[in-house]
$ cat final.pdb   # PDB, C-alpha atoms
MODEL        1
ATOM      1  CA  MET A 323      73.823 123.741 157.228
ATOM      2  CA  GLY A 324      70.599 125.778 157.365
ATOM      3  CA  THR A 325      67.919 126.960 154.971
ATOM      4  CA  PRO A 326      68.832 127.674 151.343
ATOM      5  CA  THR A 327      68.851 131.414 152.087
ATOM      6  CA  GLU A 328      71.125 130.884 155.107
ATOM      7  CA  ILE A 329      73.495 128.762 152.988
ATOM      8  CA  ALA A 330      73.608 131.447 150.284
ATOM      9  CA  LYS A 331      74.368 134.054 152.972
ATOM     10  CA  GLN A 332      77.165 131.821 154.318
ATOM     11  CA  GLY A 333      78.633 131.756 150.806
ATOM     12  CA  TYR A 334      78.488 135.538 150.512
ATOM     13  CA  ALA A 335      80.084 135.913 153.948
ATOM     14  CA  ALA A 336      82.929 133.573 152.917
ATOM     15  CA  PHE A 337      83.388 135.531 149.673
ATOM     16  CA  GLY A 338      83.475 138.773 151.657
ATOM     17  CA  ARG A 339      86.268 137.342 153.844
ATOM     18  CA  ARG A 340      88.041 136.083 150.687
ATOM     19  CA  ASP A 341      87.716 132.593 152.182
ATOM     20  CA  ILE A 342      87.193 130.647 148.968
ATOM     21  CA  PRO A 343      87.871 127.232 150.616
ATOM     22  CA  ALA A 344      84.929 127.847 152.996
ATOM     23  CA  LEU A 345      82.729 128.830 150.058
ATOM     24  CA  LEU A 346      83.726 125.687 148.147
ATOM     25  CA  GLU A 347      82.632 123.552 151.125
ATOM     26  CA  LEU A 348      79.053 124.740 150.498
ATOM     27  CA  LEU A 349      79.081 123.260 146.978
ATOM     28  CA  ALA A 350      78.197 119.781 145.731
ATOM     29  CA  ASP A 351      81.178 117.957 144.214
ATOM     30  CA  ASP A 352      79.546 118.069 140.764
ATOM     31  CA  VAL A 353      78.380 121.696 141.008
ATOM     32  CA  GLU A 354      77.661 123.628 137.811
ATOM     33  CA  TRP A 355      78.819 127.261 138.126
ATOM     34  CA  ARG A 356      77.926 129.606 135.296
ATOM     35  CA  PHE A 357      78.556 133.328 134.857
ATOM     36  CA  LEU A 358      76.604 134.580 131.858
ATOM     37  CA  ALA A 359      79.402 136.348 130.040
ATOM     38  CA  SER A 360      82.027 135.263 127.604
ATOM     39  CA  PRO A 361      85.781 135.704 127.931
ATOM     40  CA  ASP A 362      85.552 136.932 124.318
ATOM     41  CA  THR A 363      83.686 140.026 125.579
ATOM     42  CA  GLY A 364      86.469 140.969 127.992
ATOM     43  CA  THR A 365      85.111 139.141 131.029
ATOM     44  CA  PRO A 366      87.782 136.482 131.652
ATOM     45  CA  TYR A 367      85.782 134.729 134.374
ATOM     46  CA  GLY A 368      82.694 134.252 132.178
ATOM     47  CA  GLY A 369      81.441 130.845 131.084
ATOM     48  CA  THR A 370      80.565 127.537 132.711
ATOM     49  CA  CYS A 371      82.586 125.661 135.342
ATOM     50  CA  ARG A 372      81.928 122.125 136.517
ATOM     51  CA  GLY A 373      83.155 120.821 139.849
ATOM     52  CA  LYS A 374      84.831 122.530 142.780
ATOM     53  CA  GLN A 375      88.257 122.767 141.140
ATOM     54  CA  GLN A 376      86.912 124.748 138.192
ATOM     55  CA  VAL A 377      84.900 126.971 140.556
ATOM     56  CA  ALA A 378      88.133 127.691 142.465
ATOM     57  CA  GLU A 379      89.694 128.634 139.112
ATOM     58  CA  PHE A 380      86.715 130.942 138.446
ATOM     59  CA  PHE A 381      87.477 132.843 141.661
ATOM     60  CA  GLY A 382      91.162 133.015 140.709
ATOM     61  CA  LYS A 383      90.252 134.572 137.347
ATOM     62  CA  LEU A 384      87.855 136.968 139.054
ATOM     63  CA  ALA A 385      90.565 138.103 141.499
ATOM     64  CA  GLN A 386      93.039 138.633 138.646
ATOM     65  CA  ALA A 387      90.525 140.628 136.577
ATOM     66  CA  ASP A 388      88.741 142.720 139.209
ATOM     67  CA  GLU A 389      89.396 144.143 142.638
ATOM     68  CA  ILE A 390      86.044 144.008 144.432
ATOM     69  CA  LEU A 391      85.538 147.290 146.265
ATOM     70  CA  GLU A 392      81.922 146.756 147.330
ATOM     71  CA  PHE A 393      79.697 143.680 147.117
ATOM     72  CA  GLU A 394      76.163 143.907 148.428
ATOM     73  CA  PRO A 395      73.557 141.141 148.228
ATOM     74  CA  ARG A 396      70.321 143.099 148.748
ATOM     75  CA  GLU A 397      67.321 140.811 148.300
ATOM     76  CA  PHE A 398      66.942 137.064 148.828
ATOM     77  CA  LEU A 399      63.963 135.445 147.083
ATOM     78  CA  GLU A 400      63.596 131.815 148.151
ATOM     79  CA  GLY A 401      61.485 129.320 146.227
ATOM     80  CA  PRO A 402      61.325 125.532 145.940
ATOM     81  CA  GLY A 403      64.882 124.344 145.313
ATOM     82  CA  HIS A 404      66.361 127.771 144.627
ATOM     83  CA  VAL A 405      67.280 131.182 145.991
ATOM     84  CA  THR A 406      67.477 134.174 143.673
ATOM     85  CA  VAL A 407      69.581 137.056 144.959
ATOM     86  CA  LEU A 408      69.549 140.639 143.711
ATOM     87  CA  GLY A 409      72.516 142.834 144.519
ATOM     88  CA  ARG A 410      75.119 145.299 143.392
ATOM     89  CA  THR A 411      78.868 145.483 143.142
ATOM     90  CA  LYS A 412      81.557 148.069 142.627
ATOM     91  CA  GLY A 413      84.913 146.957 141.330
ATOM     92  CA  ARG A 414      88.168 148.102 139.804
ATOM     93  CA  ALA A 415      89.199 146.387 136.579
ATOM     94  CA  ARG A 416      92.773 145.180 136.423
ATOM     95  CA  PRO A 417      95.156 146.275 135.056
ATOM     96  CA  ASP A 418      93.645 149.594 133.829
ATOM     97  CA  GLY A 419      92.137 150.586 137.182
ATOM     98  CA  LYS A 420      88.756 151.655 135.779
ATOM     99  CA  VAL A 421      86.098 151.650 138.505
ATOM    100  CA  HIS A 422      82.747 150.190 137.483
ATOM    101  CA  GLU A 423      79.423 149.535 139.200
ATOM    102  CA  THR A 424      76.613 147.167 138.301
ATOM    103  CA  GLU A 425      73.554 145.502 139.681
ATOM    104  CA  TRP A 426      73.466 141.716 139.406
ATOM    105  CA  VAL A 427      71.233 138.660 139.704
ATOM    106  CA  GLN A 428      72.457 135.303 141.042
ATOM    107  CA  VAL A 429      70.500 132.063 141.329
ATOM    108  CA  PHE A 430      71.450 129.154 143.608
ATOM    109  CA  ASN A 431      69.941 125.663 143.218
ATOM    110  CA  TRP A 432      70.014 122.637 145.530
ATOM    111  CA  LYS A 433      69.588 118.970 144.683
ATOM    112  CA  ASP A 434      69.196 117.533 148.155
ATOM    113  CA  GLY A 435      68.705 120.698 150.182
ATOM    114  CA  SER A 436      72.156 120.798 151.733
ATOM    115  CA  LYS A 437      74.789 121.583 149.084
ATOM    116  CA  ILE A 438      74.610 124.076 146.234
ATOM    117  CA  SER A 439      74.319 122.114 142.979
ATOM    118  CA  ARG A 440      74.112 125.026 140.533
ATOM    119  CA  TRP A 441      74.843 128.740 140.488
ATOM    120  CA  VAL A 442      74.046 131.120 137.639
ATOM    121  CA  GLY A 443      75.055 134.771 137.761
ATOM    122  CA  THR A 444      74.639 137.718 135.457
ATOM    123  CA  ALA A 445      75.547 141.400 135.603
ATOM    124  CA  ASP A 446      76.095 144.343 133.292
ATOM    125  CA  THR A 447      79.500 143.275 132.011
ATOM    126  CA  ALA A 448      79.532 146.233 129.596
ATOM    127  CA  ALA A 449      79.952 148.489 132.664
ATOM    128  CA  ARG A 450      83.317 146.812 133.240
ATOM    129  CA  LEU A 451      84.443 147.615 129.703
ATOM    130  CA  ALA A 452      83.033 151.131 129.217
ATOM    131  CA  LYS A 453      85.609 153.853 128.819
TER
ENDMDL
END
$ encode --input "final.pdb" --output "structure tokens"
Amino acid sequence: MGTPTEIAKQGYAAFGRRDIPALLELLADDVEWRFLASPDTGTPYGGTCRGKQQVAEFFGKLAQADEILEFEPREFLEGPGHVTVLGRTKGRARPDGKVHETEWVQVFNWKDGSKISRWVGTADTAARLAK
């Protein structure tokens, strides 16, 4: 599969193609997927998912809530058992059409070096809600 950074890049490439099944293949069956936001704050895809099925649901909620206009992973910082990625995104909130931009941080972890066992992401979710 490659180094942790290469695997993370494969995931971003699959996301860019909107190929969620290919992205899910990079995940451990018992993956923990956590976006640090709450649906109560207007971010319907926030919270913790466990397992590939719930991660697929996460991407469904994301697609319903936001049209991704630009998504740019900029920096990959690899350490023992993890890769931290710094990037930015530009999206259009649905249904109101408000365009928003934010920088983000995402962390990937591996248990055995081959499949992603945990992902944690955070961004400025207030940018999505600002009027």
$ resolve_selection --input "final.pdb" --expression "the PyMOL selection byres ((chain A and resi 398) around 10)" --output "PyMOL selection string"
chain A and resi 326-328+330-331+395-397+399-401+405-409+428-429
$ write_last_selection --input "final.pdb" --atoms "C-alpha atoms" --output "PDB file, keeping the file's coordinate frame"
ATOM      1  CA  PRO A 326      68.832 127.674 151.343  1.00  0.00           C
ATOM      2  CA  THR A 327      68.851 131.414 152.087  1.00  0.00           C
ATOM      3  CA  GLU A 328      71.125 130.884 155.107  1.00  0.00           C
ATOM      4  CA  ALA A 330      73.608 131.447 150.284  1.00  0.00           C
ATOM      5  CA  LYS A 331      74.368 134.054 152.972  1.00  0.00           C
ATOM      6  CA  PRO A 395      73.557 141.141 148.228  1.00  0.00           C
ATOM      7  CA  ARG A 396      70.321 143.099 148.748  1.00  0.00           C
ATOM      8  CA  GLU A 397      67.321 140.811 148.300  1.00  0.00           C
ATOM      9  CA  LEU A 399      63.963 135.445 147.083  1.00  0.00           C
ATOM     10  CA  GLU A 400      63.596 131.815 148.151  1.00  0.00           C
ATOM     11  CA  GLY A 401      61.485 129.320 146.227  1.00  0.00           C
ATOM     12  CA  VAL A 405      67.280 131.182 145.991  1.00  0.00           C
ATOM     13  CA  THR A 406      67.477 134.174 143.673  1.00  0.00           C
ATOM     14  CA  VAL A 407      69.581 137.056 144.959  1.00  0.00           C
ATOM     15  CA  LEU A 408      69.549 140.639 143.711  1.00  0.00           C
ATOM     16  CA  GLY A 409      72.516 142.834 144.519  1.00  0.00           C
ATOM     17  CA  GLN A 428      72.457 135.303 141.042  1.00  0.00           C
ATOM     18  CA  VAL A 429      70.500 132.063 141.329  1.00  0.00           C
TER      19      VAL A 429
END
$ resolve_selection --input "final.pdb" --expression "the PyMOL selection byres ((chain A and resi 381-391) around 8)" --output "MDAnalysis selection string"
chainID A and resid 342 365:367 377:380 392:393 411:417
$ atom_distance --input "final.pdb" --atom1 "CA of Ala448 in chain A" --atom2 "CA of Leu346 in chain A"
28.0 Å
$ axis_aligned_box --input "final.pdb" --around "range 356-367 of chain A" --padding-each-side "3 Å" --output "lines of an AutoDock Vina configuration file"
center_x = 82.2
center_y = 135.3
center_z = 129.8
size_x = 17.2
size_y = 17.4
size_z = 17.0
$ residues_around --input "final.pdb" --residues "Arg440 in chain A" --least-positions-apart "2" --cutoff "8 Å" --atoms "all atoms listed in the file" --output "JSON, numbers by chain"
{"A": [353, 354, 355, 356, 429, 430, 431, 432, 438, 442]}
$ resolve_selection --input "final.pdb" --expression "the PyMOL selection byres ((chain A and resi 345) around 10)" --output "list of chain:residue names"
A:Ile329, A:Ala330, A:Gln332, A:Gly333, A:Tyr334, A:Ala335, A:Ala336, A:Phe337, A:Arg339, A:Arg340, A:Asp341, A:Ile342, A:Pro343, A:Ala344, A:Leu346, A:Glu347, A:Leu348, A:Leu349, A:Lys374, A:Val377, A:Ala378
$ residues_near_point --input "final.pdb" --point "(63.1, 122.3, 147.9)" --cutoff "8 Å" --atoms "all atoms listed in the file" --output "list in words"
Gly401, Pro402, Gly403, His404, Trp432, Lys433, Asp434 and Gly435 of chain A
$ atom_distance --input "final.pdb" --atom1 "CA of Lys437 in chain A" --atom2 "CA of Phe357 in chain A"
18.8 Å
$ atom_distance --input "final.pdb" --atom1 "CA of Thr424 in chain A" --atom2 "CA of Gly373 in chain A"
27.2 Å
$ closest_residue --input "final.pdb" --among "A:Asp351, A:Glu394, A:Asp362, A:Glu423" --to "Ala445 in chain A" --atoms "only C-alpha atoms"
A:Glu423
$ closest_residue --input "final.pdb" --among "A:Leu358, A:Gly324, A:Cys371, A:Gly419" --to "Ser439 in chain A" --atoms "all atoms listed in the file"
A:Cys371
$ closest_residue --input "final.pdb" --among "A:Gly369, A:Trp426, A:Thr325, A:Asp352" --to "Asp446 in chain A" --atoms "all atoms listed in the file"
A:Trp426
$ decode --input "final.pdb" --residues "range 331-363 of chain A" --atoms "N, CA, C and O atoms" --output "compact mmCIF listing (two decimals), in the first residue's frame"
# COMPACT_ATOMS: atom_id res chain seq x y z
N LYS A 331 -2.25 10.26 0.88
CA LYS A 331 -2.40 10.90 -0.44
C LYS A 331 -3.34 10.10 -1.33
O LYS A 331 -4.12 10.68 -2.11
N GLN A 332 -3.30 8.76 -1.24
CA GLN A 332 -4.24 7.93 -2.00
C GLN A 332 -5.68 8.24 -1.56
O GLN A 332 -6.59 8.31 -2.39
N GLY A 333 -5.87 8.41 -0.26
CA GLY A 333 -7.20 8.76 0.25
C GLY A 333 -7.68 10.10 -0.28
O GLY A 333 -8.83 10.23 -0.69
N TYR A 334 -6.80 11.09 -0.27
CA TYR A 334 -7.18 12.40 -0.80
C TYR A 334 -7.47 12.34 -2.29
O TYR A 334 -8.40 12.98 -2.78
N ALA A 335 -6.69 11.55 -3.02
CA ALA A 335 -6.95 11.40 -4.46
C ALA A 335 -8.31 10.76 -4.70
O ALA A 335 -9.07 11.19 -5.57
N ALA A 336 -8.64 9.73 -3.92
CA ALA A 336 -9.96 9.08 -4.05
C ALA A 336 -11.07 10.08 -3.72
O ALA A 336 -12.08 10.15 -4.43
N PHE A 337 -10.89 10.86 -2.65
CA PHE A 337 -11.89 11.87 -2.29
C PHE A 337 -12.04 12.89 -3.43
O PHE A 337 -13.16 13.27 -3.77
N GLY A 338 -10.94 13.30 -4.01
CA GLY A 338 -10.99 14.25 -5.12
C GLY A 338 -11.74 13.72 -6.33
O GLY A 338 -12.38 14.49 -7.05
N ARG A 339 -11.69 12.41 -6.53
CA ARG A 339 -12.42 11.77 -7.65
C ARG A 339 -13.86 11.44 -7.25
O ARG A 339 -14.62 10.91 -8.05
N ARG A 340 -14.19 11.68 -5.99
CA ARG A 340 -15.50 11.31 -5.40
C ARG A 340 -15.67 9.80 -5.40
O ARG A 340 -16.77 9.27 -5.51
N ASP A 341 -14.54 9.09 -5.25
CA ASP A 341 -14.53 7.63 -5.23
C ASP A 341 -14.45 7.16 -3.78
O ASP A 341 -13.41 6.71 -3.31
N ILE A 342 -15.57 7.27 -3.09
CA ILE A 342 -15.62 6.92 -1.67
C ILE A 342 -15.35 5.43 -1.45
O ILE A 342 -14.64 5.08 -0.49
N PRO A 343 -15.83 4.51 -2.30
CA PRO A 343 -15.47 3.10 -2.10
C PRO A 343 -13.96 2.86 -2.09
O PRO A 343 -13.46 2.08 -1.28
N ALA A 344 -13.20 3.55 -2.95
CA ALA A 344 -11.74 3.39 -2.96
C ALA A 344 -11.14 3.94 -1.68
O ALA A 344 -10.22 3.35 -1.11
N LEU A 345 -11.67 5.03 -1.18
CA LEU A 345 -11.19 5.60 0.08
C LEU A 345 -11.46 4.64 1.23
O LEU A 345 -10.60 4.40 2.08
N LEU A 346 -12.64 4.05 1.26
CA LEU A 346 -13.01 3.11 2.33
C LEU A 346 -12.09 1.90 2.35
O LEU A 346 -11.85 1.32 3.42
N GLU A 347 -11.56 1.50 1.20
CA GLU A 347 -10.65 0.35 1.14
C GLU A 347 -9.34 0.61 1.88
O GLU A 347 -8.63 -0.32 2.24
N LEU A 348 -9.02 1.88 2.12
CA LEU A 348 -7.79 2.24 2.82
C LEU A 348 -7.96 2.17 4.35
O LEU A 348 -6.99 2.32 5.08
N LEU A 349 -9.19 1.93 4.81
CA LEU A 349 -9.50 1.97 6.23
C LEU A 349 -9.56 0.59 6.85
O LEU A 349 -10.02 -0.37 6.22
N ALA A 350 -9.15 0.49 8.12
CA ALA A 350 -9.35 -0.74 8.89
C ALA A 350 -10.85 -0.93 9.11
O ALA A 350 -11.62 0.05 9.14
N ASP A 351 -11.28 -2.17 9.26
CA ASP A 351 -12.71 -2.44 9.46
C ASP A 351 -13.27 -1.73 10.68
O ASP A 351 -14.41 -1.29 10.69
N ASP A 352 -12.44 -1.60 11.73
CA ASP A 352 -12.91 -0.97 12.97
C ASP A 352 -12.42 0.48 13.11
O ASP A 352 -12.24 0.99 14.22
N VAL A 353 -12.23 1.17 12.00
CA VAL A 353 -11.73 2.53 12.00
C VAL A 353 -12.59 3.45 12.89
O VAL A 353 -13.80 3.29 12.98
N GLU A 354 -11.91 4.39 13.53
CA GLU A 354 -12.60 5.47 14.25
C GLU A 354 -12.38 6.73 13.43
O GLU A 354 -11.24 7.09 13.10
N TRP A 355 -13.47 7.41 13.06
CA TRP A 355 -13.43 8.58 12.17
C TRP A 355 -14.14 9.71 12.90
O TRP A 355 -15.33 9.61 13.20
N ARG A 356 -13.41 10.77 13.19
CA ARG A 356 -13.97 11.81 14.05
C ARG A 356 -13.72 13.20 13.48
O ARG A 356 -12.57 13.59 13.27
N PHE A 357 -14.81 13.93 13.20
CA PHE A 357 -14.69 15.33 12.80
C PHE A 357 -15.11 16.16 14.00
O PHE A 357 -16.22 16.01 14.52
N LEU A 358 -14.19 17.03 14.44
CA LEU A 358 -14.39 17.77 15.69
C LEU A 358 -15.36 18.94 15.50
O LEU A 358 -14.97 20.10 15.45
N ALA A 359 -16.60 18.59 15.37
CA ALA A 359 -17.70 19.55 15.29
C ALA A 359 -18.95 18.79 15.69
O ALA A 359 -18.99 17.57 15.62
N SER A 360 -19.94 19.52 16.09
CA SER A 360 -21.17 18.89 16.51
C SER A 360 -22.29 19.22 15.53
O SER A 360 -22.39 20.37 15.07
N PRO A 361 -23.15 18.27 15.22
CA PRO A 361 -24.32 18.59 14.40
C PRO A 361 -25.15 19.72 15.02
O PRO A 361 -25.79 20.48 14.31
N ASP A 362 -25.08 19.86 16.35
CA ASP A 362 -25.82 20.93 17.03
C ASP A 362 -25.34 22.32 16.63
O ASP A 362 -26.05 23.29 16.80
N THR A 363 -24.10 22.42 16.13
CA THR A 363 -23.55 23.71 15.72
C THR A 363 -23.79 24.00 14.25
O THR A 363 -23.25 24.96 13.71
